[in-house]
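Data block below; observations after.
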Amino acid sequence: MNKPLRRIAIFCGLLVLALLVRENWLGYVKADALNTNKYNQRPTIERYSHPPGNIIVDGKPITGAVKTDDPYYKYKQTWKDGSLWAPVTGYGSQAYGSTMLEGVEDGVLSGNDPRLFFDRTVSMFTGKTQTGGDVVTTLNADAQKAAYDGLKGKKGAAVAIDPTTGKILALASTPSYDPSSIAGRTDGTSWKQLTSDKNQPMLNRALRQTYPPGSTFKLVTAAAALQNGEVTDPDAKTDSPLPYIMPGTTTPLANEGNLPCKNATLRLALTVSCNSVFGHLGVEVGKDKMLDEAKKFGFNTEQFVPVRSAASEFPTDINQSQTALSSIGQFDTRATPLQMAMVASAIANDGKLMKPYMVDELRAPNLDVIDKTQPEQMSQPLSPENAQKLQSMMESVVNDPQGTGGKAKISGATVGGKTGTAQHGENNSGLPYAWFVSYAKVGNSSPVAVAVVVEDGDANRDDISGGGLAGPIARDMMKAVIDSGK
């Protein structure tokens, strides 16, 4: 080969090599960046070029799809009872992306998950329209409806869990919205209305909003007292002064009304909700052991169910008076409704906390199961003996004539509960949040644990109580689970 031809061949070889390097750079190194680039519409076009899979509740789809006139975005998602299920499903929008289960499980729903490669390959060779896989949830439709109906017209949230497995049976948040209203490419007006609404209908209050838990946190303080030997007999008198002056201050920790809290037993203190007893107990247990017990229940850690839930907080850098306030669910103690349902769940399950989850299994379009969630123990906040003592105390809250949880009674069922009325706002100027945390069981059947919080801006301040506002909602949710037999 003469010199000019050799130079041309080398030059052409270098061009081919450069093309190969460029192709591999774009196809592998830069693939994720290009796919997520806001100007690249190809992934979104591909996502909506075929029908998505469905999200399933009680064996029935709560989502679907309709064909559009758009030559590129051929299918648009739909929801059945969208406002009811939005806190679970989130939205899947051609214009605004996806959230909640729609976002976390998008790979399966769109059919692009690597585990669905065989189905995509078959569709390619057979010419059959590709479809996405299904997400089968753990939700109970009756419990979800009871939660949504009870919260309707109010701001609030509710969560129900099967304590023996960790399955989430209900997850409601109000006010809510219909994801179908923002599913297309031309729903800008609806999007603007939703995102500018001062009531924040798109906020998932069950998972992403933390509240002062108020007296419901006394369950954690009671658990810490039992576990650390500060109390061994729930029916023995405690050394609880009244008034209780918080350490380092001249300020008494007040109770709500003229309650029999001086040296009250732990059972009576929980039944009538003595701030002084539990504040004093929190100080006696100590901030470090209180924090340790709170962490065992899931505080100070984000949860993934598989949707992310905000971390609930028990403060870490506090003095003794702040420990007293934190131990009754005030100061900087914060909790999501999911977190407080986890507290009730662990107590009801004889001290064993199961990891909460709301996806039972993922299915391919041919209904083959490609993944199934197995129940997993998360921690052991209580010994079985101490859990049973706390169960008995929670049942007194519901059944004792002095108790604050009487409205949660269910005929034929054993019900335990704890009310909470949490102050908030500067100098407690805001209307209190009403909480109810509870469990119910029939015989030896699996119990159901529930947490409900209500932000009712329309109620009179003196009428707001956990037992009055949140208790009936919790009762109806637990009864729905019991009646459904699921």
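Ordering of the structure tokens sets the chain letters (A, B, ...); residue numbers start at 1 within each chain; ligands are numbered from 1 in the order shown.
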Any chance you could list, as a PDB file with all heavy atoms, in the first residue's frame, the residues in range 142-254 of chain A that come up helix (DSSP H, G or I) when DSSP is run on the backbone?
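Just written: selection08.pdb:
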ATOM      1  N   ASP A 142     -62.452  -0.918  52.003  1.00  0.00           N
ATOM      2  CA  ASP A 142     -63.454  -0.498  52.984  1.00  0.00           C
ATOM      3  C   ASP A 142     -62.840   0.416  54.048  1.00  0.00           C
ATOM      4  O   ASP A 142     -63.434   1.423  54.449  1.00  0.00           O
ATOM      5  CB  ASP A 142     -64.082  -1.717  53.657  1.00  0.00           C
ATOM      6  CG  ASP A 142     -64.902  -2.558  52.684  1.00  0.00           C
ATOM      7  OD1 ASP A 142     -65.359  -1.997  51.677  1.00  0.00           O
ATOM      8  OD2 ASP A 142     -65.073  -3.766  52.938  1.00  0.00           O
ATOM      9  N   ALA A 143     -61.642   0.059  54.504  1.00  0.00           N
ATOM     10  CA  ALA A 143     -60.966   0.886  55.511  1.00  0.00           C
ATOM     11  C   ALA A 143     -60.567   2.236  54.924  1.00  0.00           C
ATOM     12  O   ALA A 143     -60.669   3.270  55.593  1.00  0.00           O
ATOM     13  CB  ALA A 143     -59.741   0.154  56.053  1.00  0.00           C
ATOM     14  N   GLN A 144     -60.125   2.219  53.673  1.00  0.00           N
ATOM     15  CA  GLN A 144     -59.741   3.471  53.014  1.00  0.00           C
ATOM     16  C   GLN A 144     -60.940   4.406  52.891  1.00  0.00           C
ATOM     17  O   GLN A 144     -60.840   5.610  53.150  1.00  0.00           O
ATOM     18  CB  GLN A 144     -59.154   3.179  51.632  1.00  0.00           C
ATOM     19  CG  GLN A 144     -58.674   4.399  50.871  1.00  0.00           C
ATOM     20  CD  GLN A 144     -57.350   4.945  51.355  1.00  0.00           C
ATOM     21  OE1 GLN A 144     -56.702   4.342  52.203  1.00  0.00           O
ATOM     22  NE2 GLN A 144     -56.938   6.085  50.820  1.00  0.00           N
ATOM     23  N   LYS A 145     -62.081   3.842  52.509  1.00  0.00           N
ATOM     24  CA  LYS A 145     -63.290   4.662  52.354  1.00  0.00           C
ATOM     25  C   LYS A 145     -63.765   5.205  53.706  1.00  0.00           C
ATOM     26  O   LYS A 145     -64.197   6.358  53.804  1.00  0.00           O
ATOM     27  CB  LYS A 145     -64.406   3.854  51.697  1.00  0.00           C
ATOM     28  CG  LYS A 145     -65.620   4.711  51.313  1.00  0.00           C
ATOM     29  CD  LYS A 145     -66.633   3.916  50.523  1.00  0.00           C
ATOM     30  CE  LYS A 145     -67.744   4.831  49.982  1.00  0.00           C
ATOM     31  NZ  LYS A 145     -68.397   5.641  51.030  1.00  0.00           N
ATOM     32  N   ALA A 146     -63.664   4.382  54.750  1.00  0.00           N
ATOM     33  CA  ALA A 146     -64.068   4.837  56.082  1.00  0.00           C
ATOM     34  C   ALA A 146     -63.189   6.013  56.528  1.00  0.00           C
ATOM     35  O   ALA A 146     -63.673   6.989  57.106  1.00  0.00           O
ATOM     36  CB  ALA A 146     -63.972   3.691  57.084  1.00  0.00           C
ATOM     37  N   ALA A 147     -61.886   5.919  56.236  1.00  0.00           N
ATOM     38  CA  ALA A 147     -60.968   7.002  56.592  1.00  0.00           C
ATOM     39  C   ALA A 147     -61.297   8.270  55.810  1.00  0.00           C
ATOM     40  O   ALA A 147     -61.377   9.366  56.383  1.00  0.00           O
ATOM     41  CB  ALA A 147     -59.529   6.569  56.323  1.00  0.00           C
ATOM     42  N   TYR A 148     -61.486   8.123  54.508  1.00  0.00           N
ATOM     43  CA  TYR A 148     -61.737   9.280  53.654  1.00  0.00           C
ATOM     44  C   TYR A 148     -63.073   9.944  54.002  1.00  0.00           C
ATOM     45  O   TYR A 148     -63.158  11.174  54.103  1.00  0.00           O
ATOM     46  CB  TYR A 148     -61.731   8.843  52.190  1.00  0.00           C
ATOM     47  CG  TYR A 148     -61.937   9.966  51.208  1.00  0.00           C
ATOM     48  CD1 TYR A 148     -60.935  10.894  50.950  1.00  0.00           C
ATOM     49  CD2 TYR A 148     -63.151  10.111  50.525  1.00  0.00           C
ATOM     50  CE1 TYR A 148     -61.124  11.932  50.054  1.00  0.00           C
ATOM     51  CE2 TYR A 148     -63.349  11.135  49.622  1.00  0.00           C
ATOM     52  CZ  TYR A 148     -62.326  12.050  49.394  1.00  0.00           C
ATOM     53  OH  TYR A 148     -62.527  13.067  48.501  1.00  0.00           O
ATOM     54  N   ASP A 149     -64.098   9.140  54.217  1.00  0.00           N
ATOM     55  CA  ASP A 149     -65.411   9.691  54.563  1.00  0.00           C
ATOM     56  C   ASP A 149     -65.360  10.412  55.914  1.00  0.00           C
ATOM     57  O   ASP A 149     -65.980  11.470  56.095  1.00  0.00           O
ATOM     58  CB  ASP A 149     -66.462   8.585  54.608  1.00  0.00           C
ATOM     59  CG  ASP A 149     -66.826   8.074  53.217  1.00  0.00           C
ATOM     60  OD1 ASP A 149     -66.442   8.723  52.221  1.00  0.00           O
ATOM     61  OD2 ASP A 149     -67.477   7.009  53.127  1.00  0.00           O
ATOM     62  N   GLY A 150     -64.622   9.859  56.864  1.00  0.00           N
ATOM     63  CA  GLY A 150     -64.529  10.481  58.178  1.00  0.00           C
ATOM     64  C   GLY A 150     -63.773  11.801  58.155  1.00  0.00           C
ATOM     65  O   GLY A 150     -64.074  12.712  58.920  1.00  0.00           O
ATOM     66  N   LEU A 151     -62.781  11.895  57.264  1.00  0.00           N
ATOM     67  CA  LEU A 151     -61.951  13.098  57.187  1.00  0.00           C
ATOM     68  C   LEU A 151     -62.513  14.150  56.231  1.00  0.00           C
ATOM     69  O   LEU A 151     -62.031  15.287  56.226  1.00  0.00           O
ATOM     70  CB  LEU A 151     -60.546  12.723  56.713  1.00  0.00           C
ATOM     71  CG  LEU A 151     -59.678  11.944  57.699  1.00  0.00           C
ATOM     72  CD1 LEU A 151     -58.446  11.397  56.994  1.00  0.00           C
ATOM     73  CD2 LEU A 151     -59.269  12.829  58.871  1.00  0.00           C
ATOM     74  N   PRO A 179     -56.199  12.838  40.509  1.00  0.00           N
ATOM     75  CA  PRO A 179     -55.036  12.830  39.615  1.00  0.00           C
ATOM     76  C   PRO A 179     -55.400  12.894  38.139  1.00  0.00           C
ATOM     77  O   PRO A 179     -54.582  13.336  37.323  1.00  0.00           O
ATOM     78  CB  PRO A 179     -54.338  11.506  39.952  1.00  0.00           C
ATOM     79  CG  PRO A 179     -54.802  11.166  41.337  1.00  0.00           C
ATOM     80  CD  PRO A 179     -56.216  11.662  41.389  1.00  0.00           C
ATOM     81  N   SER A 180     -56.607  12.468  37.789  1.00  0.00           N
ATOM     82  CA  SER A 180     -57.020  12.519  36.379  1.00  0.00           C
ATOM     83  C   SER A 180     -57.044  13.943  35.844  1.00  0.00           C
ATOM     84  O   SER A 180     -56.885  14.165  34.638  1.00  0.00           O
ATOM     85  CB  SER A 180     -58.417  11.895  36.210  1.00  0.00           C
ATOM     86  OG  SER A 180     -58.418  10.534  36.579  1.00  0.00           O
ATOM     87  N   SER A 181     -57.219  14.915  36.738  1.00  0.00           N
ATOM     88  CA  SER A 181     -57.338  16.308  36.298  1.00  0.00           C
ATOM     89  C   SER A 181     -56.014  16.882  35.807  1.00  0.00           C
ATOM     90  O   SER A 181     -56.000  17.939  35.175  1.00  0.00           O
ATOM     91  CB  SER A 181     -57.887  17.172  37.436  1.00  0.00           C
ATOM     92  OG  SER A 181     -56.939  17.249  38.503  1.00  0.00           O
ATOM     93  N   ILE A 182     -54.892  16.203  36.098  1.00  0.00           N
ATOM     94  CA  ILE A 182     -53.590  16.702  35.656  1.00  0.00           C
ATOM     95  C   ILE A 182     -52.811  15.623  34.896  1.00  0.00           C
ATOM     96  O   ILE A 182     -51.588  15.690  34.778  1.00  0.00           O
ATOM     97  CB  ILE A 182     -52.737  17.199  36.849  1.00  0.00           C
ATOM     98  CG1 ILE A 182     -52.627  16.118  37.921  1.00  0.00           C
ATOM     99  CG2 ILE A 182     -53.336  18.470  37.424  1.00  0.00           C
ATOM    100  CD1 ILE A 182     -51.660  16.458  39.044  1.00  0.00           C
ATOM    101  N   GLY A 188     -52.702  22.554  32.357  1.00  0.00           N
ATOM    102  CA  GLY A 188     -51.988  23.585  33.105  1.00  0.00           C
ATOM    103  C   GLY A 188     -52.858  24.351  34.075  1.00  0.00           C
ATOM    104  O   GLY A 188     -52.417  24.724  35.163  1.00  0.00           O
ATOM    105  N   THR A 189     -54.111  24.614  33.682  1.00  0.00           N
ATOM    106  CA  THR A 189     -55.009  25.364  34.565  1.00  0.00           C
ATOM    107  C   THR A 189     -55.275  24.591  35.849  1.00  0.00           C
ATOM    108  O   THR A 189     -55.216  25.149  36.961  1.00  0.00           O
ATOM    109  CB  THR A 189     -56.334  25.670  33.847  1.00  0.00           C
ATOM    110  OG1 THR A 189     -56.074  26.442  32.672  1.00  0.00           O
ATOM    111  CG2 THR A 189     -57.276  26.438  34.761  1.00  0.00           C
ATOM    112  N   SER A 190     -55.561  23.293  35.710  1.00  0.00           N
ATOM    113  CA  SER A 190     -55.804  22.454  36.891  1.00  0.00           C
ATOM    114  C   SER A 190     -54.562  22.371  37.763  1.00  0.00           C
ATOM    115  O   SER A 190     -54.638  22.415  38.998  1.00  0.00           O
ATOM    116  CB  SER A 190     -56.240  21.044  36.467  1.00  0.00           C
ATOM    117  OG  SER A 190     -57.482  21.087  35.803  1.00  0.00           O
ATOM    118  N   TRP A 191     -53.404  22.234  37.126  1.00  0.00           N
ATOM    119  CA  TRP A 191     -52.154  22.155  37.864  1.00  0.00           C
ATOM    120  C   TRP A 191     -51.923  23.427  38.688  1.00  0.00           C
ATOM    121  O   TRP A 191     -51.566  23.358  39.863  1.00  0.00           O
ATOM    122  CB  TRP A 191     -50.993  21.923  36.901  1.00  0.00           C
ATOM    123  CG  TRP A 191     -49.643  21.935  37.543  1.00  0.00           C
ATOM    124  CD1 TRP A 191     -48.756  22.964  37.602  1.00  0.00           C
ATOM    125  CD2 TRP A 191     -49.023  20.842  38.233  1.00  0.00           C
ATOM    126  NE1 TRP A 191     -47.623  22.595  38.276  1.00  0.00           N
ATOM    127  CE2 TRP A 191     -47.753  21.303  38.684  1.00  0.00           C
ATOM    128  CE3 TRP A 191     -49.400  19.540  38.525  1.00  0.00           C
ATOM    129  CZ2 TRP A 191     -46.871  20.484  39.391  1.00  0.00           C
ATOM    130  CZ3 TRP A 191     -48.517  18.726  39.237  1.00  0.00           C
ATOM    131  CH2 TRP A 191     -47.281  19.201  39.662  1.00  0.00           C
ATOM    132  N   LYS A 192     -52.157  24.567  38.066  1.00  0.00           N
ATOM    133  CA  LYS A 192     -51.955  25.844  38.756  1.00  0.00           C
ATOM    134  C   LYS A 192     -52.914  25.983  39.928  1.00  0.00           C
ATOM    135  O   LYS A 192     -52.526  26.451  41.014  1.00  0.00           O
ATOM    136  CB  LYS A 192     -52.142  26.999  37.776  1.00  0.00           C
ATOM    137  CG  LYS A 192     -51.815  28.367  38.373  1.00  0.00           C
ATOM    138  CD  LYS A 192     -51.897  29.468  37.329  1.00  0.00           C
ATOM    139  CE  LYS A 192     -51.547  30.820  37.935  1.00  0.00           C
ATOM    140  NZ  LYS A 192     -51.619  31.915  36.927  1.00  0.00           N
ATOM    141  N   GLN A 193     -54.163  25.556  39.741  1.00  0.00           N
ATOM    142  CA  GLN A 193     -55.142  25.643  40.822  1.00  0.00           C
ATOM    143  C   GLN A 193     -54.728  24.768  42.008  1.00  0.00           C
ATOM    144  O   GLN A 193     -54.818  25.184  43.160  1.00  0.00           O
ATOM    145  CB  GLN A 193     -56.521  25.227  40.316  1.00  0.00           C
ATOM    146  CG  GLN A 193     -57.160  26.244  39.378  1.00  0.00           C
ATOM    147  CD  GLN A 193     -58.460  25.745  38.772  1.00  0.00           C
ATOM    148  OE1 GLN A 193     -58.770  24.536  38.828  1.00  0.00           O
ATOM    149  NE2 GLN A 193     -59.234  26.654  38.196  1.00  0.00           N
ATOM    150  N   LEU A 194     -54.267  23.566  41.697  1.00  0.00           N
ATOM    151  CA  LEU A 194     -53.881  22.639  42.768  1.00  0.00           C
ATOM    152  C   LEU A 194     -52.638  23.110  43.508  1.00  0.00           C
ATOM    153  O   LEU A 194     -52.573  23.060  44.739  1.00  0.00           O
ATOM    154  CB  LEU A 194     -53.645  21.236  42.197  1.00  0.00           C
ATOM    155  CG  LEU A 194     -54.888  20.461  41.756  1.00  0.00           C
ATOM    156  CD1 LEU A 194     -54.487  19.161  41.053  1.00  0.00           C
ATOM    157  CD2 LEU A 194     -55.776  20.137  42.958  1.00  0.00           C
ATOM    158  N   THR A 195     -51.646  23.540  42.787  1.00  0.00           N
ATOM    159  CA  THR A 195     -50.379  23.918  43.423  1.00  0.00           C
ATOM    160  C   THR A 195     -50.455  25.257  44.147  1.00  0.00           C
ATOM    161  O   THR A 195     -49.615  25.544  45.001  1.00  0.00           O
ATOM    162  CB  THR A 195     -49.246  23.967  42.379  1.00  0.00           C
ATOM    163  OG1 THR A 195     -49.617  24.839  41.299  1.00  0.00           O
ATOM    164  CG2 THR A 195     -48.960  22.575  41.825  1.00  0.00           C
ATOM    165  N   SER A 196     -51.442  26.072  43.826  1.00  0.00           N
ATOM    166  CA  SER A 196     -51.590  27.366  44.500  1.00  0.00           C
ATOM    167  C   SER A 196     -52.651  27.346  45.597  1.00  0.00           C
ATOM    168  O   SER A 196     -52.835  28.347  46.300  1.00  0.00           O
ATOM    169  CB  SER A 196     -51.931  28.463  43.481  1.00  0.00           C
ATOM    170  OG  SER A 196     -53.176  28.197  42.849  1.00  0.00           O
ATOM    171  N   GLY A 214     -48.747  15.306  70.719  1.00  0.00           N
ATOM    172  CA  GLY A 214     -49.500  15.506  71.942  1.00  0.00           C
ATOM    173  C   GLY A 214     -49.490  14.266  72.817  1.00  0.00           C
ATOM    174  O   GLY A 214     -48.509  13.517  72.875  1.00  0.00           O
ATOM    175  N   SER A 215     -50.586  14.028  73.481  1.00  0.00           N
ATOM    176  CA  SER A 215     -50.639  12.967  74.489  1.00  0.00           C
ATOM    177  C   SER A 215     -50.541  11.561  73.908  1.00  0.00           C
ATOM    178  O   SER A 215     -50.337  10.605  74.670  1.00  0.00           O
ATOM    179  CB  SER A 215     -51.926  13.101  75.320  1.00  0.00           C
ATOM    180  OG  SER A 215     -51.860  14.259  76.127  1.00  0.00           O
ATOM    181  N   THR A 216     -50.692  11.393  72.604  1.00  0.00           N
ATOM    182  CA  THR A 216     -50.503  10.049  72.040  1.00  0.00           C
ATOM    183  C   THR A 216     -49.059   9.588  72.232  1.00  0.00           C
ATOM    184  O   THR A 216     -48.791   8.391  72.288  1.00  0.00           O
ATOM    185  CB  THR A 216     -50.871   9.988  70.548  1.00  0.00           C
ATOM    186  OG1 THR A 216     -50.029  10.878  69.801  1.00  0.00           O
ATOM    187  CG2 THR A 216     -52.329  10.363  70.328  1.00  0.00           C
ATOM    188  N   PHE A 217     -48.119  10.548  72.365  1.00  0.00           N
ATOM    189  CA  PHE A 217     -46.721  10.173  72.572  1.00  0.00           C
ATOM    190  C   PHE A 217     -46.506   9.573  73.960  1.00  0.00           C
ATOM    191  O   PHE A 217     -45.477   8.951  74.221  1.00  0.00           O
ATOM    192  CB  PHE A 217     -45.805  11.389  72.373  1.00  0.00           C
ATOM    193  CG  PHE A 217     -44.343  11.022  72.331  1.00  0.00           C
ATOM    194  CD1 PHE A 217     -43.764  10.525  71.178  1.00  0.00           C
ATOM    195  CD2 PHE A 217     -43.550  11.164  73.471  1.00  0.00           C
ATOM    196  CE1 PHE A 217     -42.433  10.167  71.147  1.00  0.00           C
ATOM    197  CE2 PHE A 217     -42.212  10.813  73.444  1.00  0.00           C
ATOM    198  CZ  PHE A 217     -41.652  10.306  72.278  1.00  0.00           C
ATOM    199  N   LYS A 218     -47.463   9.761  74.867  1.00  0.00           N
ATOM    200  CA  LYS A 218     -47.346   9.163  76.197  1.00  0.00           C
ATOM    201  C   LYS A 218     -47.245   7.642  76.122  1.00  0.00           C
ATOM    202  O   LYS A 218     -46.752   7.008  77.064  1.00  0.00           O
ATOM    203  CB  LYS A 218     -48.534   9.592  77.066  1.00  0.00           C
ATOM    204  CG  LYS A 218     -48.495  11.075  77.435  1.00  0.00           C
ATOM    205  CD  LYS A 218     -49.772  11.537  78.113  1.00  0.00           C
ATOM    206  CE  LYS A 218     -49.721  13.046  78.394  1.00  0.00           C
ATOM    207  NZ  LYS A 218     -51.011  13.575  78.884  1.00  0.00           N
ATOM    208  N   LEU A 219     -47.686   7.056  75.008  1.00  0.00           N
ATOM    209  CA  LEU A 219     -47.508   5.617  74.816  1.00  0.00           C
ATOM    210  C   LEU A 219     -46.027   5.268  74.733  1.00  0.00           C
ATOM    211  O   LEU A 219     -45.580   4.252  75.273  1.00  0.00           O
ATOM    212  CB  LEU A 219     -48.228   5.158  73.540  1.00  0.00           C
ATOM    213  CG  LEU A 219     -49.747   5.280  73.542  1.00  0.00           C
ATOM    214  CD1 LEU A 219     -50.309   4.974  72.158  1.00  0.00           C
ATOM    215  CD2 LEU A 219     -50.363   4.352  74.594  1.00  0.00           C
ATOM    216  N   VAL A 220     -45.253   6.106  74.041  1.00  0.00           N
ATOM    217  CA  VAL A 220     -43.807   5.883  73.934  1.00  0.00           C
ATOM    218  C   VAL A 220     -43.149   6.086  75.292  1.00  0.00           C
ATOM    219  O   VAL A 220     -42.274   5.313  75.705  1.00  0.00           O
ATOM    220  CB  VAL A 220     -43.191   6.819  72.875  1.00  0.00           C
ATOM    221  CG1 VAL A 220     -41.676   6.624  72.806  1.00  0.00           C
ATOM    222  CG2 VAL A 220     -43.816   6.575  71.509  1.00  0.00           C
ATOM    223  N   THR A 221     -43.580   7.119  76.027  1.00  0.00           N
ATOM    224  CA  THR A 221     -43.031   7.379  77.357  1.00  0.00           C
ATOM    225  C   THR A 221     -43.368   6.242  78.317  1.00  0.00           C
ATOM    226  O   THR A 221     -42.515   5.813  79.109  1.00  0.00           O
ATOM    227  CB  THR A 221     -43.559   8.718  77.889  1.00  0.00           C
ATOM    228  OG1 THR A 221     -43.240   9.750  76.943  1.00  0.00           O
ATOM    229  CG2 THR A 221     -42.951   9.065  79.236  1.00  0.00           C
ATOM    230  N   ALA A 222     -44.585   5.740  78.241  1.00  0.00           N
ATOM    231  CA  ALA A 222     -44.971   4.594  79.076  1.00  0.00           C
ATOM    232  C   ALA A 222     -44.116   3.378  78.744  1.00  0.00           C
ATOM    233  O   ALA A 222     -43.675   2.647  79.645  1.00  0.00           O
ATOM    234  CB  ALA A 222     -46.450   4.274  78.880  1.00  0.00           C
ATOM    235  N   ALA A 223     -43.881   3.156  77.445  1.00  0.00           N
ATOM    236  CA  ALA A 223     -43.037   2.029  77.030  1.00  0.00           C
ATOM    237  C   ALA A 223     -41.628   2.182  77.575  1.00  0.00           C
ATOM    238  O   ALA A 223     -41.022   1.216  78.070  1.00  0.00           O
ATOM    239  CB  ALA A 223     -43.016   1.938  75.504  1.00  0.00           C
ATOM    240  N   ALA A 224     -41.083   3.404  77.513  1.00  0.00           N
ATOM    241  CA  ALA A 224     -39.734   3.647  78.019  1.00  0.00           C
ATOM    242  C   ALA A 224     -39.675   3.423  79.528  1.00  0.00           C
ATOM    243  O   ALA A 224     -38.697   2.855  80.040  1.00  0.00           O
ATOM    244  CB  ALA A 224     -39.298   5.069  77.675  1.00  0.00           C
ATOM    245  N   ALA A 225     -40.701   3.844  80.248  1.00  0.00           N
ATOM    246  CA  ALA A 225     -40.738   3.656  81.696  1.00  0.00           C
ATOM    247  C   ALA A 225     -40.794   2.175  82.057  1.00  0.00           C
ATOM    248  O   ALA A 225     -40.118   1.724  82.995  1.00  0.00           O
ATOM    249  CB  ALA A 225     -41.938   4.400  82.284  1.00  0.00           C
ATOM    250  N   LEU A 226     -41.583   1.410  81.333  1.00  0.00           N
ATOM    251  CA  LEU A 226     -41.683  -0.029  81.584  1.00  0.00           C
ATOM    252  C   LEU A 226     -40.386  -0.751  81.223  1.00  0.00           C
ATOM    253  O   LEU A 226     -39.889  -1.585  81.987  1.00  0.00           O
ATOM    254  CB  LEU A 226     -42.852  -0.614  80.784  1.00  0.00           C
ATOM    255  CG  LEU A 226     -44.261  -0.219  81.248  1.00  0.00           C
ATOM    256  CD1 LEU A 226     -45.298  -0.576  80.194  1.00  0.00           C
ATOM    257  CD2 LEU A 226     -44.596  -0.887  82.584  1.00  0.00           C
ATOM    258  N   GLN A 227     -39.839  -0.424  80.068  1.00  0.00           N
ATOM    259  CA  GLN A 227     -38.637  -1.109  79.594  1.00  0.00           C
ATOM    260  C   GLN A 227     -37.415  -0.812  80.458  1.00  0.00           C
ATOM    261  O   GLN A 227     -36.511  -1.647  80.573  1.00  0.00           O
ATOM    262  CB  GLN A 227     -38.347  -0.721  78.142  1.00  0.00           C
ATOM    263  CG  GLN A 227     -39.262  -1.358  77.117  1.00  0.00           C
ATOM    264  CD  GLN A 227     -39.098  -2.869  77.057  1.00  0.00           C
ATOM    265  OE1 GLN A 227     -39.927  -3.623  77.578  1.00  0.00           O
ATOM    266  NE2 GLN A 227     -38.025  -3.331  76.436  1.00  0.00           N
TER     267      GLN A 227
END
**Study point:** Spatial neighbours of range 440-451 of chain A, 10 Å, only C-alpha atoms, chain gap at least 6 places, as a VMD selection string
**Key:** chain A and resid 157 to 171 206 216 336 to 349 395 408 to 419 470 to 471 473 to 475 477 to 479 481 to 482 485 to 486
**Study point:** Residue contacts of range 264-269 of chain A (6 Å, only C-alpha atoms) excluding same-chain residues fewer than 3 positions away, as a list in words
**Key:**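 The residues that qualify are Pro234, Asp235, Ala236, Lys237, Thr238, Cys261, Val272, Ser273, Cys274 and Met393 of chain A.
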